[in-house]
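One file, work-v3.cif, carrying mmCIF, N, CA, C and O atoms:
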data_target
#
loop_
_atom_site.label_atom_id
_atom_site.label_comp_id
_atom_site.auth_asym_id
_atom_site.auth_seq_id
_atom_site.Cartn_x
_atom_site.Cartn_y
_atom_site.Cartn_z
N MET R 1 5.43 -10.51 -14.05
CA MET R 1 4.02 -10.65 -13.72
C MET R 1 3.79 -10.40 -12.22
O MET R 1 2.82 -9.80 -11.85
N ILE R 2 4.71 -10.91 -11.39
CA ILE R 2 4.55 -10.73 -9.95
C ILE R 2 4.60 -9.26 -9.58
O ILE R 2 3.90 -8.82 -8.67
N TYR R 3 5.40 -8.48 -10.30
CA TYR R 3 5.52 -7.06 -9.98
C TYR R 3 4.22 -6.32 -10.28
O TYR R 3 3.81 -5.45 -9.52
N LEU R 4 3.57 -6.68 -11.37
CA LEU R 4 2.28 -6.07 -11.70
C LEU R 4 1.22 -6.47 -10.67
O LEU R 4 0.43 -5.63 -10.24
N GLN R 5 1.21 -7.74 -10.27
CA GLN R 5 0.26 -8.18 -9.24
C GLN R 5 0.50 -7.44 -7.93
O GLN R 5 -0.45 -7.02 -7.27
N LEU R 6 1.76 -7.30 -7.54
CA LEU R 6 2.08 -6.58 -6.31
C LEU R 6 1.61 -5.13 -6.39
O LEU R 6 0.97 -4.62 -5.46
N PHE R 7 1.94 -4.46 -7.49
CA PHE R 7 1.56 -3.06 -7.63
C PHE R 7 0.05 -2.89 -7.60
O PHE R 7 -0.48 -2.05 -6.87
N LEU R 8 -0.67 -3.67 -8.39
CA LEU R 8 -2.13 -3.52 -8.46
C LEU R 8 -2.81 -3.87 -7.14
O LEU R 8 -3.75 -3.19 -6.73
N ALA R 9 -2.33 -4.91 -6.48
CA ALA R 9 -2.94 -5.29 -5.20
C ALA R 9 -2.73 -4.20 -4.16
O ALA R 9 -3.69 -3.80 -3.46
N PHE R 10 -1.53 -3.68 -4.05
CA PHE R 10 -1.27 -2.65 -3.04
C PHE R 10 -1.82 -1.29 -3.45
O PHE R 10 -2.17 -0.48 -2.59
N PHE R 11 -1.95 -1.03 -4.75
CA PHE R 11 -2.60 0.19 -5.20
C PHE R 11 -4.07 0.16 -4.80
O PHE R 11 -4.62 1.15 -4.31
N GLU R 12 -4.72 -0.99 -4.98
CA GLU R 12 -6.12 -1.14 -4.58
C GLU R 12 -6.28 -0.99 -3.07
O GLU R 12 -7.22 -0.34 -2.61
N ILE R 13 -5.37 -1.55 -2.32
CA ILE R 13 -5.42 -1.42 -0.87
C ILE R 13 -5.27 0.04 -0.47
O ILE R 13 -6.02 0.55 0.37
N GLY R 14 -4.32 0.74 -1.06
CA GLY R 14 -4.12 2.15 -0.75
C GLY R 14 -5.26 3.03 -1.19
O GLY R 14 -5.56 4.05 -0.57
N LEU R 15 -5.94 2.65 -2.26
CA LEU R 15 -7.01 3.47 -2.81
C LEU R 15 -8.32 3.34 -2.03
O LEU R 15 -9.02 4.32 -1.82
N PHE R 16 -8.63 2.15 -1.57
CA PHE R 16 -9.94 1.90 -0.98
C PHE R 16 -9.95 1.76 0.54
O PHE R 16 -10.98 1.44 1.12
N THR R 17 -8.84 1.99 1.19
CA THR R 17 -8.79 1.86 2.65
C THR R 17 -8.75 3.23 3.30
O THR R 17 -7.94 4.08 2.94
N PHE R 18 -9.65 3.45 4.23
CA PHE R 18 -9.66 4.67 5.03
C PHE R 18 -9.47 4.28 6.48
O PHE R 18 -9.98 3.28 6.92
N GLY R 19 -8.73 5.10 7.22
CA GLY R 19 -8.57 4.84 8.63
C GLY R 19 -7.14 4.53 9.04
O GLY R 19 -6.88 4.21 10.18
N GLY R 20 -6.21 4.60 8.12
CA GLY R 20 -4.81 4.41 8.49
C GLY R 20 -4.32 3.00 8.25
O GLY R 20 -5.01 2.14 7.70
N GLY R 21 -3.10 2.78 8.71
CA GLY R 21 -2.42 1.52 8.46
C GLY R 21 -3.06 0.30 9.09
O GLY R 21 -3.08 -0.77 8.50
N TYR R 22 -3.59 0.47 10.29
CA TYR R 22 -4.20 -0.69 10.96
C TYR R 22 -5.45 -1.15 10.23
O TYR R 22 -5.79 -2.33 10.26
N ALA R 23 -6.14 -0.24 9.56
CA ALA R 23 -7.31 -0.63 8.77
C ALA R 23 -6.90 -1.42 7.53
O ALA R 23 -7.71 -2.18 6.98
N MET R 24 -5.67 -1.24 7.08
CA MET R 24 -5.19 -1.93 5.89
C MET R 24 -4.77 -3.37 6.15
O MET R 24 -4.66 -4.15 5.21
N ILE R 25 -4.54 -3.72 7.39
CA ILE R 25 -4.02 -5.06 7.70
C ILE R 25 -4.94 -6.16 7.19
O ILE R 25 -4.49 -7.14 6.61
N SER R 26 -6.24 -5.99 7.36
CA SER R 26 -7.17 -7.05 6.92
C SER R 26 -7.16 -7.18 5.40
O SER R 26 -7.25 -8.30 4.88
N LEU R 27 -7.06 -6.07 4.68
CA LEU R 27 -7.01 -6.15 3.22
C LEU R 27 -5.68 -6.74 2.74
O LEU R 27 -5.64 -7.50 1.77
N ILE R 28 -4.60 -6.38 3.42
CA ILE R 28 -3.30 -6.97 3.07
C ILE R 28 -3.34 -8.48 3.31
O ILE R 28 -2.85 -9.26 2.50
N ARG R 29 -3.94 -8.90 4.41
CA ARG R 29 -4.08 -10.32 4.70
C ARG R 29 -4.89 -11.01 3.60
O ARG R 29 -4.51 -12.07 3.11
N GLU R 30 -6.00 -10.39 3.21
CA GLU R 30 -6.85 -10.98 2.18
C GLU R 30 -6.10 -11.17 0.87
O GLU R 30 -6.15 -12.23 0.25
N LYS R 31 -5.38 -10.14 0.44
CA LYS R 31 -4.64 -10.21 -0.82
C LYS R 31 -3.47 -11.19 -0.72
O LYS R 31 -3.21 -11.95 -1.66
N ALA R 32 -2.75 -11.17 0.40
CA ALA R 32 -1.59 -12.05 0.56
C ALA R 32 -1.99 -13.52 0.55
O ALA R 32 -1.31 -14.36 -0.04
N VAL R 33 -3.11 -13.82 1.18
CA VAL R 33 -3.59 -15.21 1.20
C VAL R 33 -4.19 -15.57 -0.15
O VAL R 33 -3.99 -16.68 -0.66
N GLN R 34 -4.92 -14.64 -0.77
CA GLN R 34 -5.55 -14.89 -2.07
C GLN R 34 -4.51 -15.24 -3.13
O GLN R 34 -4.70 -16.17 -3.91
N PHE R 35 -3.42 -14.50 -3.18
CA PHE R 35 -2.37 -14.74 -4.17
C PHE R 35 -1.36 -15.80 -3.72
O PHE R 35 -0.46 -16.15 -4.48
N GLY R 36 -1.47 -16.26 -2.48
CA GLY R 36 -0.54 -17.27 -1.98
C GLY R 36 0.84 -16.72 -1.67
O GLY R 36 1.82 -17.45 -1.70
N TRP R 37 0.91 -15.43 -1.36
CA TRP R 37 2.19 -14.81 -1.07
C TRP R 37 2.69 -15.18 0.32
O TRP R 37 3.88 -15.33 0.52
N LEU R 38 1.77 -15.30 1.27
CA LEU R 38 2.15 -15.57 2.66
C LEU R 38 1.20 -16.56 3.29
O LEU R 38 0.03 -16.64 2.93
N THR R 39 1.72 -17.30 4.27
CA THR R 39 0.86 -18.11 5.12
C THR R 39 0.39 -17.24 6.29
O THR R 39 0.87 -16.11 6.47
N GLU R 40 -0.52 -17.74 7.06
CA GLU R 40 -1.02 -17.00 8.22
C GLU R 40 0.10 -16.71 9.22
O GLU R 40 0.18 -15.61 9.77
N ASP R 41 0.97 -17.70 9.45
CA ASP R 41 2.09 -17.49 10.39
C ASP R 41 3.07 -16.45 9.87
O ASP R 41 3.55 -15.61 10.64
N GLU R 42 3.38 -16.50 8.59
CA GLU R 42 4.28 -15.51 8.01
C GLU R 42 3.68 -14.11 8.10
O GLU R 42 4.38 -13.13 8.38
N LEU R 43 2.38 -14.01 7.88
CA LEU R 43 1.70 -12.72 7.97
C LEU R 43 1.76 -12.17 9.39
O LEU R 43 2.03 -10.98 9.59
N LEU R 44 1.53 -13.03 10.38
CA LEU R 44 1.61 -12.57 11.77
C LEU R 44 3.02 -12.10 12.11
O LEU R 44 3.19 -11.10 12.81
N ASN R 45 4.02 -12.80 11.61
CA ASN R 45 5.41 -12.37 11.84
C ASN R 45 5.67 -11.02 11.17
O ASN R 45 6.35 -10.17 11.75
N MET R 46 5.13 -10.82 9.96
CA MET R 46 5.34 -9.54 9.28
C MET R 46 4.63 -8.40 9.98
O MET R 46 5.12 -7.28 9.99
N ILE R 47 3.47 -8.68 10.56
CA ILE R 47 2.77 -7.64 11.33
C ILE R 47 3.62 -7.24 12.53
O ILE R 47 3.79 -6.05 12.82
N ALA R 48 4.18 -8.22 13.22
CA ALA R 48 5.02 -7.93 14.38
C ALA R 48 6.26 -7.13 13.99
O ALA R 48 6.61 -6.15 14.65
N VAL R 49 6.90 -7.50 12.91
CA VAL R 49 8.10 -6.78 12.46
C VAL R 49 7.72 -5.39 11.98
O VAL R 49 8.42 -4.41 12.25
N SER R 50 6.59 -5.27 11.29
CA SER R 50 6.14 -3.97 10.79
C SER R 50 5.81 -3.01 11.92
O SER R 50 6.06 -1.81 11.83
N GLU R 51 5.22 -3.54 12.99
CA GLU R 51 4.90 -2.69 14.15
C GLU R 51 6.16 -2.22 14.86
O GLU R 51 6.21 -1.11 15.38
N SER R 52 7.17 -3.05 14.89
CA SER R 52 8.38 -2.69 15.61
C SER R 52 9.35 -1.86 14.77
O SER R 52 10.28 -1.28 15.31
N SER R 53 9.13 -1.81 13.47
CA SER R 53 9.97 -1.00 12.59
C SER R 53 9.46 0.44 12.57
O SER R 53 8.26 0.68 12.67
N PRO R 54 10.36 1.41 12.43
CA PRO R 54 9.89 2.80 12.34
C PRO R 54 9.14 3.05 11.03
O PRO R 54 9.48 2.47 10.00
N GLY R 55 8.14 3.88 11.10
CA GLY R 55 7.35 4.23 9.92
C GLY R 55 5.94 3.68 10.00
O GLY R 55 5.61 2.92 10.92
N PRO R 56 5.12 4.05 9.03
CA PRO R 56 3.73 3.57 9.01
C PRO R 56 3.66 2.06 8.80
O PRO R 56 4.40 1.51 7.98
N ILE R 57 2.76 1.42 9.50
CA ILE R 57 2.68 -0.04 9.46
C ILE R 57 2.29 -0.54 8.07
O ILE R 57 2.81 -1.55 7.61
N ALA R 58 1.40 0.17 7.37
CA ALA R 58 0.98 -0.29 6.04
C ALA R 58 2.12 -0.21 5.03
O ALA R 58 2.29 -1.11 4.21
N VAL R 59 2.91 0.83 5.11
CA VAL R 59 4.06 0.96 4.21
C VAL R 59 5.09 -0.11 4.53
O VAL R 59 5.66 -0.73 3.63
N ASN R 60 5.32 -0.34 5.82
CA ASN R 60 6.27 -1.39 6.21
C ASN R 60 5.81 -2.77 5.75
O ASN R 60 6.60 -3.56 5.24
N MET R 61 4.52 -3.05 5.90
CA MET R 61 4.01 -4.35 5.46
C MET R 61 4.10 -4.50 3.95
O MET R 61 4.45 -5.57 3.45
N ALA R 62 3.76 -3.44 3.22
CA ALA R 62 3.88 -3.50 1.77
C ALA R 62 5.32 -3.77 1.36
O ALA R 62 5.59 -4.58 0.47
N THR R 63 6.24 -3.10 2.03
CA THR R 63 7.66 -3.29 1.73
C THR R 63 8.10 -4.72 2.02
O THR R 63 8.79 -5.35 1.21
N PHE R 64 7.69 -5.25 3.16
CA PHE R 64 8.09 -6.61 3.53
C PHE R 64 7.45 -7.66 2.63
O PHE R 64 8.11 -8.62 2.24
N VAL R 65 6.18 -7.50 2.31
CA VAL R 65 5.52 -8.47 1.42
C VAL R 65 6.16 -8.41 0.03
O VAL R 65 6.46 -9.44 -0.57
N GLY R 66 6.37 -7.20 -0.47
CA GLY R 66 7.01 -7.07 -1.77
C GLY R 66 8.41 -7.66 -1.79
O GLY R 66 8.81 -8.31 -2.76
N SER R 67 9.15 -7.45 -0.72
CA SER R 67 10.50 -7.99 -0.63
C SER R 67 10.50 -9.52 -0.60
O SER R 67 11.35 -10.15 -1.22
N SER R 68 9.54 -10.09 0.09
CA SER R 68 9.48 -11.54 0.17
C SER R 68 9.10 -12.17 -1.17
O SER R 68 9.47 -13.30 -1.45
N GLN R 69 8.39 -11.42 -2.02
CA GLN R 69 7.94 -11.97 -3.30
C GLN R 69 8.82 -11.60 -4.47
O GLN R 69 8.94 -12.37 -5.42
N GLY R 70 9.42 -10.41 -4.43
CA GLY R 70 10.16 -9.97 -5.60
C GLY R 70 11.47 -9.28 -5.30
O GLY R 70 11.97 -8.54 -6.15
N GLY R 71 12.01 -9.47 -4.10
CA GLY R 71 13.27 -8.84 -3.75
C GLY R 71 13.15 -7.34 -3.64
O GLY R 71 12.10 -6.81 -3.28
N PHE R 72 14.24 -6.65 -3.97
CA PHE R 72 14.26 -5.20 -3.85
C PHE R 72 13.23 -4.54 -4.76
O PHE R 72 12.50 -3.63 -4.35
N LEU R 73 13.15 -4.98 -6.01
CA LEU R 73 12.20 -4.39 -6.95
C LEU R 73 10.76 -4.65 -6.50
O LEU R 73 9.90 -3.78 -6.62
N GLY R 74 10.49 -5.82 -5.95
CA GLY R 74 9.16 -6.13 -5.44
C GLY R 74 8.78 -5.22 -4.28
O GLY R 74 7.64 -4.76 -4.19
N SER R 75 9.75 -4.96 -3.39
CA SER R 75 9.44 -4.07 -2.26
C SER R 75 9.20 -2.65 -2.74
O SER R 75 8.32 -1.96 -2.24
N LEU R 76 9.95 -2.21 -3.74
CA LEU R 76 9.76 -0.87 -4.30
C LEU R 76 8.40 -0.75 -4.97
O LEU R 76 7.67 0.24 -4.76
N VAL R 77 8.02 -1.74 -5.76
CA VAL R 77 6.74 -1.72 -6.47
C VAL R 77 5.57 -1.75 -5.49
O VAL R 77 4.61 -0.99 -5.64
N ALA R 78 5.63 -2.61 -4.49
CA ALA R 78 4.53 -2.70 -3.51
C ALA R 78 4.41 -1.43 -2.69
O ALA R 78 3.30 -0.95 -2.43
N THR R 79 5.54 -0.85 -2.30
CA THR R 79 5.52 0.39 -1.53
C THR R 79 4.95 1.54 -2.35
O THR R 79 4.13 2.32 -1.86
N LEU R 80 5.37 1.64 -3.60
CA LEU R 80 4.80 2.67 -4.48
C LEU R 80 3.30 2.45 -4.67
O LEU R 80 2.53 3.42 -4.70
N GLY R 81 2.89 1.22 -4.79
CA GLY R 81 1.47 0.92 -4.97
C GLY R 81 0.61 1.36 -3.80
O GLY R 81 -0.47 1.89 -3.98
N VAL R 82 1.10 1.19 -2.58
CA VAL R 82 0.30 1.54 -1.41
C VAL R 82 0.33 3.04 -1.13
O VAL R 82 -0.62 3.59 -0.58
N VAL R 83 1.38 3.74 -1.55
CA VAL R 83 1.53 5.17 -1.26
C VAL R 83 0.95 6.04 -2.38
O VAL R 83 0.44 7.14 -2.12
N LEU R 84 1.02 5.59 -3.60
CA LEU R 84 0.64 6.40 -4.75
C LEU R 84 -0.80 6.92 -4.73
O LEU R 84 -1.02 8.08 -5.08
N PRO R 85 -1.81 6.13 -4.34
CA PRO R 85 -3.17 6.68 -4.33
C PRO R 85 -3.32 7.91 -3.43
O PRO R 85 -3.94 8.90 -3.84
N SER R 86 -2.76 7.87 -2.25
CA SER R 86 -2.84 9.02 -1.34
C SER R 86 -2.12 10.21 -1.93
O SER R 86 -2.60 11.35 -1.84
N PHE R 87 -0.97 9.98 -2.54
CA PHE R 87 -0.20 11.06 -3.14
C PHE R 87 -0.99 11.72 -4.27
O PHE R 87 -1.06 12.95 -4.36
N ILE R 88 -1.61 10.93 -5.11
CA ILE R 88 -2.39 11.47 -6.23
C ILE R 88 -3.59 12.26 -5.73
O ILE R 88 -3.88 13.36 -6.23
N ILE R 89 -4.30 11.73 -4.73
CA ILE R 89 -5.47 12.42 -4.18
C ILE R 89 -5.06 13.75 -3.57
O ILE R 89 -5.71 14.79 -3.80
N ILE R 90 -4.00 13.79 -2.79
CA ILE R 90 -3.53 15.04 -2.18
C ILE R 90 -3.05 16.02 -3.25
O ILE R 90 -3.29 17.23 -3.15
N LEU R 91 -2.42 15.53 -4.30
CA LEU R 91 -1.99 16.39 -5.39
C LEU R 91 -3.18 17.05 -6.08
O LEU R 91 -3.16 18.25 -6.37
N ILE R 92 -4.23 16.30 -6.32
CA ILE R 92 -5.45 16.85 -6.93
C ILE R 92 -6.10 17.87 -6.02
O ILE R 92 -6.49 18.96 -6.46
N ILE R 93 -6.22 17.55 -4.73
CA ILE R 93 -6.84 18.48 -3.78
C ILE R 93 -6.03 19.77 -3.68
O ILE R 93 -6.60 20.86 -3.67
N SER R 94 -4.72 19.66 -3.63
CA SER R 94 -3.91 20.88 -3.51
C SER R 94 -4.00 21.74 -4.76
O SER R 94 -3.99 22.97 -4.67
N SER R 95 -4.10 21.13 -5.93
CA SER R 95 -4.26 21.93 -7.14
C SER R 95 -5.62 22.61 -7.19
O SER R 95 -5.74 23.75 -7.65
N LEU R 96 -6.66 21.94 -6.68
CA LEU R 96 -7.98 22.56 -6.63
C LEU R 96 -8.01 23.71 -5.63
O LEU R 96 -8.61 24.76 -5.90
N ILE R 97 -7.37 23.52 -4.50
CA ILE R 97 -7.32 24.59 -3.50
C ILE R 97 -6.57 25.80 -4.04
O ILE R 97 -6.96 26.94 -3.83
N ARG R 98 -5.50 25.56 -4.75
CA ARG R 98 -4.73 26.67 -5.33
C ARG R 98 -5.58 27.44 -6.33
O ARG R 98 -5.52 28.66 -6.41
N ASN R 99 -6.41 26.74 -7.11
CA ASN R 99 -7.29 27.41 -8.05
C ASN R 99 -8.37 28.22 -7.33
O ASN R 99 -8.76 29.28 -7.80
N PHE R 100 -8.86 27.74 -6.19
CA PHE R 100 -9.89 28.45 -5.45
C PHE R 100 -9.34 29.63 -4.67
O PHE R 100 -10.09 30.50 -4.26
N ARG R 101 -8.04 29.68 -4.43
CA ARG R 101 -7.45 30.78 -3.69
C ARG R 101 -7.60 32.11 -4.44
O ARG R 101 -7.59 33.17 -3.84
N LYS R 102 -7.76 32.04 -5.76
CA LYS R 102 -7.94 33.26 -6.54
C LYS R 102 -9.24 33.97 -6.18
O LYS R 102 -9.35 35.16 -6.29
N TYR R 103 -10.23 33.20 -5.75
CA TYR R 103 -11.54 33.75 -5.48
C TYR R 103 -11.67 34.13 -4.02
O TYR R 103 -12.53 34.61 -3.50
#
As C-alpha cells:
Amino acid sequence: MIYLQLFLAFFEIGLFTFGGGYAMISLIREKAVQFGWLTEDELLNMIAVSESSPGPIAVNMATFVGSSQGGFLGSLVATLGVVLPSFIIILIISSLIRNFRKY
C-alpha cells in the first residue's frame, strides 16, 4: 500500500508542478506531512541533503522520501513517479513533431 501511495503522490507532484525542482519542494512538503512520512525537521534535513547531492533536487527528494518509507523499492517507486509524467509528455510531443515533419 505504501508503494502505491508513494507512486501516486510523486506522480501527481511531477504532473502538476511547473518551474523545476525548487517549485516541487512545497508540494513534496504538503504530501509528506499529509501522509505522515516526515516531520518538518526531517524534511528540512532532506532538503539540505538533496541540495548537496548531485542531480535534480526533486528527484533526489523523491528518492530520499521513498527510501525512508519503503527502502530501495520505495525509492525506486517514488523516483519513477516524479519522473514519469515528464517522460510521457516529452514522448507524446516528440511523436507529434515527428508526424508534423512530413508536412
TODO: Could you expand the PyMOL selection byres (((chain R and resi 21-36 and name CA) around 12) and name CA) into the explicit residues it covers here, written as a ChimeraX atom specification?
DONE: /R:2,5-20,37-44,46-48,50-51,55-66,68-69,78,82-83
Task: Straight-line distance linking CA of Ser95 (chain R) with atom C of Ser75 (chain R), stated in Å to one decimal - done: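 So the two atoms, CA of Ser95 (chain R) and atom C of Ser75 (chain R), lie 28.4 Å apart.
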Open item on the list: If DSSP is run on the backbone, what residues of chain R are helix (DSSP H, G or I)? A reply as JSON, numbers by chain would be ideal.
Closed with: {"R": [2, 3, 4, 5, 6, 7, 8, 9, 10, 11, 12, 13, 14, 15, 16, 21, 22, 23, 24, 25, 26, 27, 28, 29, 30, 31, 32, 33, 34, 40, 41, 42, 43, 44, 45, 46, 47, 48, 49, 50, 51, 52, 57, 58, 59, 60, 61, 62, 63, 64, 65, 66, 67, 68, 69, 70, 71, 72, 73, 74, 75, 76, 77, 78, 79, 80, 81, 82, 83, 84, 85, 86, 87, 88, 89, 90, 91, 92, 93, 94, 95, 96, 97, 98, 99, 100]}
Please put the answer as AutoDock Vina command-line options: centre and edge lengths, in Å with one decimal, of a box along x, y and z that encloses all listed atoms of region 42-50 of chain R plus 6 Å on each side.
--center_x 5.0 --center_y -9.2 --center_z 11.3 --size_x 18.9 --size_y 26.7 --size_z 18.8
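Across the structure, CA of Tyr3 (chain R) and CA of Gly71 (chain R) are spaced 10.1 Å apart.
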